[in-house]
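To be precise, the following lines are target25.txt, and they hold compact mmCIF, C-alpha atoms and all ligand atoms.
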```
# COMPACT_ATOMS: atom_id res chain seq x y z
CA MET A 1 5.55 -38.51 24.01
CA SER A 2 5.56 -37.35 27.60
CA ALA A 3 5.38 -33.65 28.32
CA GLN A 4 8.76 -32.02 28.96
CA LYS A 5 8.59 -29.37 31.67
CA ASN A 6 10.96 -26.52 30.97
CA HIS A 7 9.51 -23.93 33.27
CA SER A 8 12.23 -23.75 35.88
CA GLY A 9 15.36 -21.70 35.46
CA PRO A 10 16.59 -18.36 36.74
CA LYS A 11 14.14 -15.78 38.09
CA ARG A 12 13.56 -13.29 35.32
CA ASN A 13 12.56 -9.89 36.62
CA GLY A 14 14.05 -6.86 34.84
CA ALA A 15 17.77 -6.55 34.18
CA PRO A 16 20.03 -9.61 34.57
CA GLN A 17 21.78 -10.01 37.93
CA ALA A 18 25.55 -9.61 38.10
CA GLY A 19 27.22 -12.76 36.80
CA GLN A 20 24.13 -13.89 34.89
CA PRO A 21 24.53 -14.23 31.14
CA ARG A 22 22.63 -11.75 28.96
CA ARG A 23 19.23 -13.07 28.03
CA THR A 24 18.37 -13.41 24.36
CA ALA A 25 14.99 -12.75 22.81
CA VAL A 26 13.84 -13.43 19.27
CA ILE A 27 11.12 -11.13 17.89
CA THR A 28 9.27 -11.97 14.69
CA GLY A 29 7.56 -8.90 13.24
CA VAL A 30 10.28 -6.63 14.63
CA THR A 31 9.67 -4.11 11.82
CA GLY A 32 6.01 -3.72 12.85
CA GLN A 33 4.45 -1.37 15.38
CA ASP A 34 4.63 -3.74 18.36
CA GLY A 35 7.97 -5.24 17.32
CA SER A 36 9.61 -1.82 17.45
CA TYR A 37 8.29 -1.00 20.94
CA LEU A 38 9.11 -4.47 22.26
CA ALA A 39 12.65 -4.27 20.87
CA GLU A 40 13.13 -0.94 22.68
CA LEU A 41 11.80 -2.41 25.93
CA LEU A 42 13.95 -5.53 25.80
CA LEU A 43 17.11 -3.62 24.86
CA ALA A 44 16.50 -1.32 27.83
CA LYS A 45 16.27 -4.43 30.04
CA GLY A 46 19.64 -5.62 28.78
CA TYR A 47 18.49 -8.35 26.40
CA GLU A 48 20.32 -9.42 23.29
CA VAL A 49 17.56 -8.88 20.71
CA VAL A 50 17.36 -10.91 17.51
CA GLY A 51 14.89 -9.34 15.07
CA VAL A 52 13.44 -11.54 12.34
CA VAL A 53 12.78 -9.81 9.02
CA ARG A 54 11.46 -11.25 5.79
CA ARG A 55 13.24 -10.58 2.54
CA THR A 56 11.81 -7.68 0.53
CA SER A 57 13.25 -5.67 -2.35
CA HIS A 58 13.13 -2.57 -0.17
CA ASP A 59 13.87 -2.66 3.56
CA SER A 60 11.10 -1.80 6.02
CA TYR A 61 13.23 -0.45 8.88
CA GLU A 62 11.29 2.80 9.30
CA ARG A 63 10.18 1.95 12.85
CA ILE A 64 13.47 0.42 14.02
CA GLY A 65 16.03 2.62 12.25
CA HIS A 66 17.07 4.10 15.60
CA LEU A 67 17.75 0.60 17.01
CA LEU A 68 19.60 -1.02 14.11
CA ASP A 69 23.07 -0.71 15.62
CA ARG A 70 21.88 -2.62 18.72
CA LEU A 71 19.74 -5.32 17.09
CA HIS A 72 20.77 -8.55 15.41
CA ILE A 73 18.71 -8.66 12.23
CA VAL A 74 18.23 -12.16 10.81
CA PRO A 75 16.28 -13.20 7.72
CA ALA A 76 13.39 -15.67 8.01
CA ASP A 77 9.81 -15.96 6.87
CA LEU A 78 6.70 -17.33 8.55
CA LEU A 79 6.07 -19.27 5.34
CA ASP A 80 9.40 -21.05 5.51
CA GLN A 81 9.89 -23.74 8.17
CA HIS A 82 13.61 -24.15 7.62
CA SER A 83 14.41 -20.46 8.05
CA LEU A 84 12.49 -20.33 11.36
CA THR A 85 14.17 -23.46 12.69
CA ALA A 86 17.59 -22.04 11.76
CA VAL A 87 16.90 -18.80 13.66
CA VAL A 88 15.86 -20.64 16.82
CA ARG A 89 18.71 -23.16 16.54
CA ASP A 90 21.33 -20.42 16.10
CA ALA A 91 20.01 -17.90 18.66
CA LYS A 92 19.06 -20.43 21.38
CA PRO A 93 16.83 -17.73 22.85
CA HIS A 94 15.35 -17.54 26.33
CA GLU A 95 12.22 -15.93 24.88
CA VAL A 96 10.53 -15.90 21.48
CA TYR A 97 7.84 -13.32 20.71
CA ASN A 98 5.74 -14.16 17.65
CA LEU A 99 4.43 -10.78 16.55
CA ALA A 100 4.60 -11.34 12.79
CA ALA A 101 1.28 -11.75 10.98
CA GLN A 102 -0.91 -10.44 8.20
CA SER A 103 -2.57 -8.11 10.71
CA PHE A 104 -5.00 -5.97 8.69
CA VAL A 105 -8.53 -7.35 8.99
CA PRO A 106 -9.94 -6.18 5.59
CA THR A 107 -7.02 -7.78 3.71
CA SER A 108 -8.00 -11.07 5.29
CA TRP A 109 -11.13 -11.13 3.10
CA THR A 110 -9.22 -10.39 -0.10
CA GLN A 111 -6.28 -12.70 0.78
CA PRO A 112 -7.81 -15.32 3.08
CA VAL A 113 -5.44 -18.14 2.16
CA LEU A 114 -2.30 -16.05 2.60
CA THR A 115 -3.70 -14.74 5.90
CA GLY A 116 -4.15 -18.36 7.02
CA GLU A 117 -0.59 -19.21 5.97
CA PHE A 118 0.97 -16.28 7.87
CA THR A 119 -1.34 -15.75 10.80
CA ALA A 120 -2.41 -19.34 11.54
CA LEU A 121 0.15 -21.80 10.12
CA GLY A 122 3.04 -19.41 10.77
CA VAL A 123 2.43 -20.00 14.48
CA VAL A 124 2.74 -23.77 14.28
CA ARG A 125 5.86 -23.45 12.11
CA LEU A 126 7.50 -21.36 14.82
CA LEU A 127 6.32 -23.70 17.57
CA GLU A 128 7.76 -26.64 15.63
CA ALA A 129 11.05 -24.75 15.30
CA ILE A 130 11.14 -24.31 19.08
CA ARG A 131 10.08 -27.86 19.83
CA LEU A 132 12.76 -29.33 17.58
CA ALA A 133 15.63 -26.87 17.98
CA HIS A 134 15.37 -25.32 21.46
CA PRO A 135 12.39 -26.37 23.58
CA GLU A 136 13.66 -24.42 26.61
CA ALA A 137 12.60 -21.15 24.95
CA ARG A 138 9.57 -19.35 26.35
CA PHE A 139 7.07 -18.51 23.60
CA TYR A 140 4.65 -15.58 23.32
CA GLN A 141 1.86 -15.67 20.74
CA ALA A 142 0.25 -12.37 19.68
CA SER A 143 -3.40 -13.32 19.97
CA SER A 144 -6.18 -10.84 19.43
CA SER A 145 -9.52 -9.61 20.73
CA GLU A 146 -10.73 -10.21 17.15
CA MET A 147 -11.11 -13.84 18.29
CA PHE A 148 -14.11 -12.72 20.40
CA GLY A 149 -15.67 -11.16 17.29
CA LYS A 150 -19.43 -11.29 17.68
CA ALA A 151 -18.91 -11.36 21.40
CA THR A 152 -21.24 -13.46 23.51
CA GLN A 153 -20.47 -11.44 26.66
CA THR A 154 -19.21 -7.96 27.49
CA PRO A 155 -16.65 -7.18 28.75
CA GLN A 156 -14.58 -10.04 27.33
CA ARG A 157 -12.23 -12.01 29.55
CA GLU A 158 -10.06 -15.14 29.22
CA SER A 159 -13.08 -17.45 29.57
CA THR A 160 -15.26 -15.68 26.97
CA PRO A 161 -16.02 -17.98 24.00
CA PHE A 162 -14.53 -17.11 20.62
CA TYR A 163 -16.75 -16.15 17.67
CA PRO A 164 -14.40 -14.70 15.02
CA ARG A 165 -15.94 -12.58 12.26
CA SER A 166 -13.15 -12.42 9.67
CA PRO A 167 -10.60 -14.77 8.13
CA TYR A 168 -8.06 -12.88 10.28
CA GLY A 169 -10.02 -13.67 13.45
CA VAL A 170 -10.36 -17.30 12.43
CA ALA A 171 -6.60 -17.54 11.79
CA LYS A 172 -5.86 -16.03 15.21
CA VAL A 173 -8.13 -18.61 16.87
CA TYR A 174 -5.97 -21.32 15.29
CA GLY A 175 -2.83 -19.54 16.54
CA HIS A 176 -4.28 -19.36 20.04
CA TRP A 177 -5.30 -23.01 20.25
CA ILE A 178 -2.14 -24.39 18.69
CA THR A 179 -0.19 -22.43 21.33
CA VAL A 180 -2.33 -23.96 24.09
CA ASN A 181 -1.98 -27.35 22.43
CA TYR A 182 1.84 -27.25 22.26
CA ARG A 183 1.92 -26.23 25.91
CA GLU A 184 -0.29 -29.18 26.84
CA SER A 185 1.20 -31.72 24.40
CA TYR A 186 4.90 -31.01 24.82
CA GLY A 187 5.14 -29.00 28.03
CA LEU A 188 6.49 -25.96 26.18
CA TYR A 189 6.36 -22.66 28.04
CA ALA A 190 3.94 -21.13 25.52
CA VAL A 191 1.48 -18.33 26.27
CA SER A 192 -1.18 -16.53 24.31
CA GLY A 193 -1.65 -12.83 25.04
CA ILE A 194 -5.15 -11.78 23.98
CA LEU A 195 -4.57 -8.11 23.25
CA PHE A 196 -7.24 -5.57 22.42
CA ASN A 197 -6.56 -2.79 19.89
CA HIS A 198 -3.41 -0.85 20.65
CA GLU A 199 -2.17 2.10 18.70
CA SER A 200 0.63 4.67 18.54
CA PRO A 201 2.25 7.14 16.17
CA ARG A 202 3.91 4.02 14.64
CA ARG A 203 0.59 2.40 13.73
CA GLY A 204 0.16 1.42 10.06
CA LEU A 205 -1.64 4.07 8.01
CA GLU A 206 -4.61 1.87 7.09
CA PHE A 207 -5.80 1.21 10.68
CA VAL A 208 -8.58 3.57 11.69
CA THR A 209 -6.81 5.52 14.47
CA ARG A 210 -3.82 6.34 12.29
CA LYS A 211 -5.98 6.91 9.24
CA VAL A 212 -7.82 9.57 11.26
CA SER A 213 -4.74 11.18 12.87
CA HIS A 214 -2.91 11.26 9.54
CA GLY A 215 -6.07 12.52 7.81
CA VAL A 216 -6.40 15.38 10.31
CA ALA A 217 -2.77 16.35 9.73
CA ARG A 218 -3.19 16.33 5.94
CA ILE A 219 -6.36 18.39 6.16
CA VAL A 220 -4.67 20.92 8.48
CA ARG A 221 -1.73 21.18 6.06
CA GLY A 222 -4.06 21.67 3.08
CA ARG A 223 -3.18 18.36 1.39
CA MET A 224 -6.66 16.84 1.67
CA THR A 225 -10.21 18.15 1.97
CA GLU A 226 -12.15 15.16 3.29
CA LEU A 227 -11.63 11.83 5.05
CA ARG A 228 -13.57 8.78 3.90
CA LEU A 229 -14.33 6.18 6.58
CA GLY A 230 -16.54 3.12 7.07
CA ASN A 231 -18.62 2.23 10.13
CA LEU A 232 -18.55 5.14 12.60
CA ASP A 233 -20.58 3.19 15.18
CA ALA A 234 -17.97 0.45 15.72
CA ARG A 235 -16.75 0.42 19.33
CA ARG A 236 -13.27 -0.60 20.37
CA ASP A 237 -11.11 -0.75 23.47
CA TRP A 238 -8.08 1.25 22.29
CA GLY A 239 -4.84 1.49 24.29
CA PHE A 240 -1.25 2.62 23.74
CA ALA A 241 1.08 0.04 22.16
CA GLY A 242 3.99 1.01 24.45
CA ASP A 243 1.97 -0.18 27.45
CA TYR A 244 0.99 -3.45 25.76
CA VAL A 245 4.48 -4.70 24.94
CA ASP A 246 5.26 -4.45 28.65
CA ALA A 247 2.35 -6.85 29.26
CA MET A 248 3.85 -9.30 26.74
CA TRP A 249 7.16 -9.31 28.61
CA ARG A 250 5.44 -9.69 31.98
CA MET A 251 3.58 -12.76 30.73
CA LEU A 252 6.86 -14.55 29.98
CA GLN A 253 8.28 -13.83 33.45
CA ARG A 254 5.63 -15.83 35.34
CA PRO A 255 6.67 -19.17 36.88
CA GLU A 256 4.05 -21.02 34.80
CA PRO A 257 2.67 -20.25 31.33
CA VAL A 258 -0.79 -18.62 31.57
CA ASP A 259 -2.89 -16.73 28.99
CA TYR A 260 -4.09 -13.19 29.66
CA VAL A 261 -6.49 -10.60 28.23
CA ILE A 262 -4.95 -7.12 27.91
CA GLY A 263 -6.97 -3.94 27.36
CA THR A 264 -8.02 -0.71 29.04
CA GLY A 265 -11.60 -1.69 29.93
CA GLU A 266 -12.91 1.44 28.16
CA MET A 267 -14.84 1.44 24.92
CA HIS A 268 -15.17 4.30 22.39
CA THR A 269 -16.77 4.66 18.97
CA VAL A 270 -14.99 5.61 15.75
CA ARG A 271 -17.17 8.75 15.89
CA GLU A 272 -15.67 9.73 19.29
CA LEU A 273 -12.21 9.08 17.85
CA CYS A 274 -12.99 11.60 15.09
CA GLU A 275 -14.39 14.14 17.53
CA ILE A 276 -11.25 14.12 19.67
CA ALA A 277 -8.77 14.00 16.77
CA PHE A 278 -10.34 16.79 14.70
CA GLY A 279 -11.20 18.77 17.86
CA HIS A 280 -7.54 18.69 18.92
CA ALA A 281 -6.67 20.49 15.67
CA GLY A 282 -9.53 23.00 16.16
CA LEU A 283 -11.71 21.37 13.46
CA ASP A 284 -15.32 20.12 13.44
CA TRP A 285 -15.09 16.49 12.27
CA LYS A 286 -18.59 16.59 10.71
CA GLN A 287 -17.36 18.98 8.05
CA TYR A 288 -14.64 16.60 6.85
CA VAL A 289 -15.65 12.98 7.48
CA ARG A 290 -17.69 11.17 4.82
CA VAL A 291 -19.00 7.63 5.16
CA ASP A 292 -17.87 5.50 2.23
CA PRO A 293 -19.39 2.00 1.84
CA ALA A 294 -16.06 0.85 0.38
CA PHE A 295 -14.70 0.82 3.95
CA VAL A 296 -17.60 -1.09 5.48
CA ARG A 297 -16.67 -4.74 6.17
CA PRO A 298 -18.52 -7.86 5.00
CA ALA A 299 -18.96 -8.82 8.67
CA GLU A 300 -18.30 -6.31 11.44
CA VAL A 301 -17.18 -6.70 15.03
CA ASP A 302 -19.54 -4.23 16.67
CA LEU A 303 -17.99 -3.85 20.08
CA LEU A 304 -14.99 -5.00 22.05
CA GLN A 305 -14.24 -4.18 25.68
CA ALA A 306 -11.63 -5.91 27.82
CA ASP A 307 -11.84 -7.20 31.34
CA ALA A 308 -8.12 -7.29 32.12
CA GLY A 309 -8.67 -7.96 35.82
CA LYS A 310 -6.58 -11.15 35.79
CA ALA A 311 -3.59 -9.33 34.24
CA ARG A 312 -3.99 -6.51 36.75
CA GLN A 313 -3.91 -8.93 39.67
CA GLU A 314 -1.36 -11.47 38.52
CA LEU A 315 0.96 -9.40 36.32
CA GLY A 316 0.55 -6.04 38.06
CA TRP A 317 -0.13 -4.62 34.59
CA ARG A 318 -2.07 -1.39 34.06
CA PRO A 319 -2.49 0.92 31.06
CA THR A 320 -0.85 4.31 31.58
CA THR A 321 -2.33 6.26 28.66
CA SER A 322 -5.94 7.46 28.36
CA PHE A 323 -7.86 7.35 25.09
CA ALA A 324 -7.73 11.15 24.71
CA GLU A 325 -3.98 11.18 25.42
CA LEU A 326 -3.44 8.44 22.84
CA VAL A 327 -5.42 10.21 20.12
CA THR A 328 -3.85 13.62 20.72
CA MET A 329 -0.37 12.04 20.82
CA MET A 330 -1.04 10.51 17.40
CA VAL A 331 -2.42 13.74 15.92
CA ASP A 332 0.54 15.75 17.24
CA ALA A 333 3.00 13.23 15.78
CA ASP A 334 1.30 13.36 12.37
CA LEU A 335 1.11 17.16 12.40
CA GLU A 336 4.85 17.12 13.00
CA ARG A 337 5.45 14.64 10.18
CA VAL A 338 3.17 16.22 7.57
CA LYS A 339 4.79 19.61 7.28
P1 LIG B 1 2.08 -4.85 12.12
O1 LIG B 1 2.53 -3.46 12.42
O2 LIG B 1 1.20 -5.11 10.95
O3 LIG B 1 3.41 -5.75 11.97
C1 LIG B 1 3.37 -7.03 11.42
C2 LIG B 1 4.78 -7.56 11.29
O4 LIG B 1 4.73 -8.88 10.75
C3 LIG B 1 5.69 -6.75 10.36
O5 LIG B 1 6.97 -6.66 10.95
C4 LIG B 1 5.75 -7.61 9.12
O6 LIG B 1 6.92 -7.44 8.36
C5 LIG B 1 5.74 -9.00 9.75
N1 LIG B 1 5.39 -10.07 8.80
C6 LIG B 1 4.27 -10.17 8.07
N2 LIG B 1 4.29 -11.28 7.33
C7 LIG B 1 5.45 -11.92 7.61
C8 LIG B 1 6.06 -13.12 7.15
N3 LIG B 1 5.49 -13.91 6.25
N4 LIG B 1 7.28 -13.47 7.66
C9 LIG B 1 7.89 -12.68 8.57
N5 LIG B 1 7.37 -11.51 9.03
C10 LIG B 1 6.18 -11.14 8.55
O7 LIG B 1 1.34 -5.48 13.40
P2 LIG B 1 1.32 -4.97 14.93
O8 LIG B 1 0.20 -4.00 15.10
O9 LIG B 1 2.69 -4.63 15.37
O10 LIG B 1 0.83 -6.30 15.66
C11 LIG B 1 1.76 -7.29 16.08
C12 LIG B 1 1.04 -8.61 16.25
O11 LIG B 1 0.01 -8.48 17.21
C13 LIG B 1 0.36 -9.15 15.00
O12 LIG B 1 0.44 -10.56 15.05
C14 LIG B 1 -1.09 -8.72 15.15
O13 LIG B 1 -1.94 -9.58 14.42
C15 LIG B 1 -1.25 -8.87 16.65
N6 LIG B 1 -2.22 -7.99 17.29
C16 LIG B 1 -2.19 -6.66 17.08
C17 LIG B 1 -3.08 -5.84 17.75
C18 LIG B 1 -3.05 -4.34 17.56
O14 LIG B 1 -4.03 -3.69 17.94
N7 LIG B 1 -1.95 -3.77 17.08
C19 LIG B 1 -4.01 -6.39 18.65
C20 LIG B 1 -3.99 -7.79 18.84
C21 LIG B 1 -3.09 -8.59 18.18
P3 LIG B 1 7.04 -6.34 7.14
O15 LIG B 1 7.55 -5.09 7.80
O16 LIG B 1 8.00 -6.99 6.23
O17 LIG B 1 5.66 -6.18 6.56
O1 LIG B 2 -10.65 -1.02 12.66
C1 LIG B 2 -13.84 0.64 11.85
C2 LIG B 2 -13.68 -0.82 11.45
O2 LIG B 2 -8.76 -1.57 11.11
C3 LIG B 2 -11.26 -0.65 13.87
C4 LIG B 2 -5.76 -4.92 14.17
O3 LIG B 2 -4.60 -4.47 14.85
O4 LIG B 2 -7.10 -4.64 16.14
C5 LIG B 2 -6.98 -4.28 14.78
O5 LIG B 2 -8.12 -4.69 14.05
C6 LIG B 2 -12.74 -0.37 13.64
C7 LIG B 2 -13.46 -1.46 12.81
O6 LIG B 2 -8.71 -2.35 13.54
C8 LIG B 2 -12.71 2.57 9.01
O7 LIG B 2 -14.83 -1.27 10.76
C9 LIG B 2 -14.44 2.53 10.31
O8 LIG B 2 -14.70 -1.74 13.42
O9 LIG B 2 -8.34 0.01 13.05
P1 LIG B 2 -9.03 -1.18 12.53
P2 LIG B 2 -9.40 -3.77 13.82
O10 LIG B 2 -10.10 -4.29 12.65
O11 LIG B 2 -10.16 -3.65 15.10
C10 LIG B 2 -7.23 -6.04 16.38
C11 LIG B 2 -7.31 -6.26 17.86
C12 LIG B 2 -6.20 -6.85 15.69
O12 LIG B 2 -5.80 -7.90 16.16
C13 LIG B 2 -5.84 -6.45 14.30
O13 LIG B 2 -4.58 -6.98 13.92
O14 LIG B 2 -12.85 0.83 12.87
N1 LIG B 2 -13.59 1.58 10.74
N2 LIG B 2 -13.93 3.15 9.25
C14 LIG B 2 -12.51 1.57 9.95
N3 LIG B 2 -11.39 0.82 9.97
C15 LIG B 2 -10.45 1.07 9.03
N4 LIG B 2 -9.30 0.35 9.05
N5 LIG B 2 -10.62 2.04 8.08
C16 LIG B 2 -11.74 2.81 8.01
O15 LIG B 2 -11.88 3.67 7.14
```
How does the structure come out when it is put into structure tokens?
Ligand code: NAP
Ligand code: F7E
Amino acid sequence: MSAQKNHSGPKRNGAPQAGQPRRTAVITGVTGQDGSYLAELLLAKGYEVVGVVRRTSHDSYERIGHLLDRLHIVPADLLDQHSLTAVVRDAKPHEVYNLAAQSFVPTSWTQPVLTGEFTALGVVRLLEAIRLAHPEARFYQASSSEMFGKATQTPQRESTPFYPRSPYGVAKVYGHWITVNYRESYGLYAVSGILFNHESPRRGLEFVTRKVSHGVARIVRGRMTELRLGNLDARRDWGFAGDYVDAMWRMLQRPEPVDYVIGTGEMHTVRELCEIAFGHAGLDWKQYVRVDPAFVRPAEVDLLQADAGKARQELGWRPTTSFAELVTMMVDADLERVK
């Protein structure tokens, strides 16, 4: 089959021009951290936002409760081809953001097959839905710095080879390459955003930044006496999720589909994270943090640091929040919550 080029169309910068129809975006994973920030951003830009949620016995609208009256919530699951095709067929979106995944790295060792189904095959199911039902849609895949894993060069950029160190990382490599492949095979406007760790007060409680900020708040409020962590030497490039969803949107506004690395370019250890978070609450982290082998991973990613120079130049994207600002923002939010 010859490649169909669908990259033309109206210029898409910010709010729609007078007389232009409202643009529609589908977000999978809208109930997650990034989904909630992206939904806010797109609503502010005037998009019609269709949020995909999977069926559960108890709704998970905690992060998007304040947006529910402005979102179209539709049911679908990354495991179910038909439901994804129906969403794309009915919404006929301009843009599709695939943020849904099993995103917690340790769970990928205990549930490797399910992680592959969600995080790898889920991507090709959604690409198939677009290819068959509405190939004009622009597609964003939430790829990850975990694909660099045992990195062969530092900092990591778009050309750095992948060496994933977890079933999650391996699944994301599949998601990345199938996105590239559908772009090259069918001419879809499909891009892979390779995002480094990004955090916020909406981060899930099991990820290390939130585990620390929430732990500090519980210790301050007398609900806990110690915080058990794994590898304190791990180094990550941590940014603010609100900045990163803007990069996702910018990627889909380019004339041609291109993949980008997104990160701050700064690297910090888990130990430094503890120092800042406990220090912000007037505590000495060494008195509260205990290393527990239960949280050490079978294979670790020792260090990740982004070279986001291409995104800076071509997308005009820059992070706005420093590491210290991010950590103190998260501690303050948890102190407010844990009263
Ligand atoms: P998150 O908070 O864990 O959110 C994951 C979302 O996926 C949730 O809305 C979840 O729905 C949904 N989901 C999971 N399985 C699904 C299924 N089978 N069908 C439909 N929806 C499903 O993740 P995040 O931090 O926002 O990250 C967003 C995406 O970026 C993920 O793909 C992640 O792997 C990737 N990523 C994240 C980072 C980071 O640092 N945050 C960095 C690079 C890449 P429920 O609410 O029902 O669980
Ligand atoms: O771990 C170390 C741990 O779970 C960060 C996901 O969003 O970013 C995230 O993956 C580091 C690791 O994130 C604990 O060993 C020490 O080195 O917060 P995390 P992650 O694994 O980097 C990437 C880019 C994604 O794509 C993923 O979806 O912190 N660490 N002690 C700990 N980590 C946790 N979770 N808990 C600890 O007690």
In file coordinates, which residues lie within 10 Å of (5.4, -2.7, 25.5) using all atoms listed in the file, given as a list in words? Asp34, Gly35, Ser36, Tyr37, Leu38, Ala39, Glu40, Leu41, Leu42, Phe240, Ala241, Gly242, Asp243, Tyr244, Val245, Asp246, Ala247, Met248, Trp249 and Arg250 of chain A
Could you tell me which of A:Pro298, A:Gly32, A:Gly175, A:Pro75 comes closest to ligand LIG 1 (chain B) if we count only C-alpha atoms and all ligand atoms?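 Using only C-alpha atoms and all ligand atoms, ligand LIG 1 (chain B) sits closest to A:Gly32.
Proximity of A:Ala190, A:Gln102, A:Gln153, A:Arg165 to Glu136 of chain A, computed with all atoms listed in the file, is greatest for A:Ala190.
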At a cut-off of 12 Å from (12.2, -6.7, 16.2) in the coordinates of the file, what residues are picked up using all atoms listed in the file, written as an MDAnalysis selection string? chainID A and resid 25:43 48:54 60:68 70:75 96:100 245
Those same residues, written as a PDB file, in the coordinates of the input with C-alpha atoms?
```pdb
ATOM      1  CA  ALA A  25      14.990 -12.750  22.810  1.00  0.00           C
ATOM      2  CA  VAL A  26      13.840 -13.430  19.270  1.00  0.00           C
ATOM      3  CA  ILE A  27      11.120 -11.130  17.890  1.00  0.00           C
ATOM      4  CA  THR A  28       9.270 -11.970  14.690  1.00  0.00           C
ATOM      5  CA  GLY A  29       7.560  -8.900  13.240  1.00  0.00           C
ATOM      6  CA  VAL A  30      10.280  -6.630  14.630  1.00  0.00           C
ATOM      7  CA  THR A  31       9.670  -4.110  11.820  1.00  0.00           C
ATOM      8  CA  GLY A  32       6.010  -3.720  12.850  1.00  0.00           C
ATOM      9  CA  GLN A  33       4.450  -1.370  15.380  1.00  0.00           C
ATOM     10  CA  ASP A  34       4.630  -3.740  18.360  1.00  0.00           C
ATOM     11  CA  GLY A  35       7.970  -5.240  17.320  1.00  0.00           C
ATOM     12  CA  SER A  36       9.610  -1.820  17.450  1.00  0.00           C
ATOM     13  CA  TYR A  37       8.290  -1.000  20.940  1.00  0.00           C
ATOM     14  CA  LEU A  38       9.110  -4.470  22.260  1.00  0.00           C
ATOM     15  CA  ALA A  39      12.650  -4.270  20.870  1.00  0.00           C
ATOM     16  CA  GLU A  40      13.130  -0.940  22.680  1.00  0.00           C
ATOM     17  CA  LEU A  41      11.800  -2.410  25.930  1.00  0.00           C
ATOM     18  CA  LEU A  42      13.950  -5.530  25.800  1.00  0.00           C
ATOM     19  CA  LEU A  43      17.110  -3.620  24.860  1.00  0.00           C
ATOM     20  CA  GLU A  48      20.320  -9.420  23.290  1.00  0.00           C
ATOM     21  CA  VAL A  49      17.560  -8.880  20.710  1.00  0.00           C
ATOM     22  CA  VAL A  50      17.360 -10.910  17.510  1.00  0.00           C
ATOM     23  CA  GLY A  51      14.890  -9.340  15.070  1.00  0.00           C
ATOM     24  CA  VAL A  52      13.440 -11.540  12.340  1.00  0.00           C
ATOM     25  CA  VAL A  53      12.780  -9.810   9.020  1.00  0.00           C
ATOM     26  CA  ARG A  54      11.460 -11.250   5.790  1.00  0.00           C
ATOM     27  CA  SER A  60      11.100  -1.800   6.020  1.00  0.00           C
ATOM     28  CA  TYR A  61      13.230  -0.450   8.880  1.00  0.00           C
ATOM     29  CA  GLU A  62      11.290   2.800   9.300  1.00  0.00           C
ATOM     30  CA  ARG A  63      10.180   1.950  12.850  1.00  0.00           C
ATOM     31  CA  ILE A  64      13.470   0.420  14.020  1.00  0.00           C
ATOM     32  CA  GLY A  65      16.030   2.620  12.250  1.00  0.00           C
ATOM     33  CA  HIS A  66      17.070   4.100  15.600  1.00  0.00           C
ATOM     34  CA  LEU A  67      17.750   0.600  17.010  1.00  0.00           C
ATOM     35  CA  LEU A  68      19.600  -1.020  14.110  1.00  0.00           C
ATOM     36  CA  ARG A  70      21.880  -2.620  18.720  1.00  0.00           C
ATOM     37  CA  LEU A  71      19.740  -5.320  17.090  1.00  0.00           C
ATOM     38  CA  HIS A  72      20.770  -8.550  15.410  1.00  0.00           C
ATOM     39  CA  ILE A  73      18.710  -8.660  12.230  1.00  0.00           C
ATOM     40  CA  VAL A  74      18.230 -12.160  10.810  1.00  0.00           C
ATOM     41  CA  PRO A  75      16.280 -13.200   7.720  1.00  0.00           C
ATOM     42  CA  VAL A  96      10.530 -15.900  21.480  1.00  0.00           C
ATOM     43  CA  TYR A  97       7.840 -13.320  20.710  1.00  0.00           C
ATOM     44  CA  ASN A  98       5.740 -14.160  17.650  1.00  0.00           C
ATOM     45  CA  LEU A  99       4.430 -10.780  16.550  1.00  0.00           C
ATOM     46  CA  ALA A 100       4.600 -11.340  12.790  1.00  0.00           C
ATOM     47  CA  VAL A 245       4.480  -4.700  24.940  1.00  0.00           C
TER      48      VAL A 245
END
```
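If you look at atom CA of Ala217 of chain A and atom C2 of ligand LIG 2 (chain B), they are 20.4 Å away from each other.
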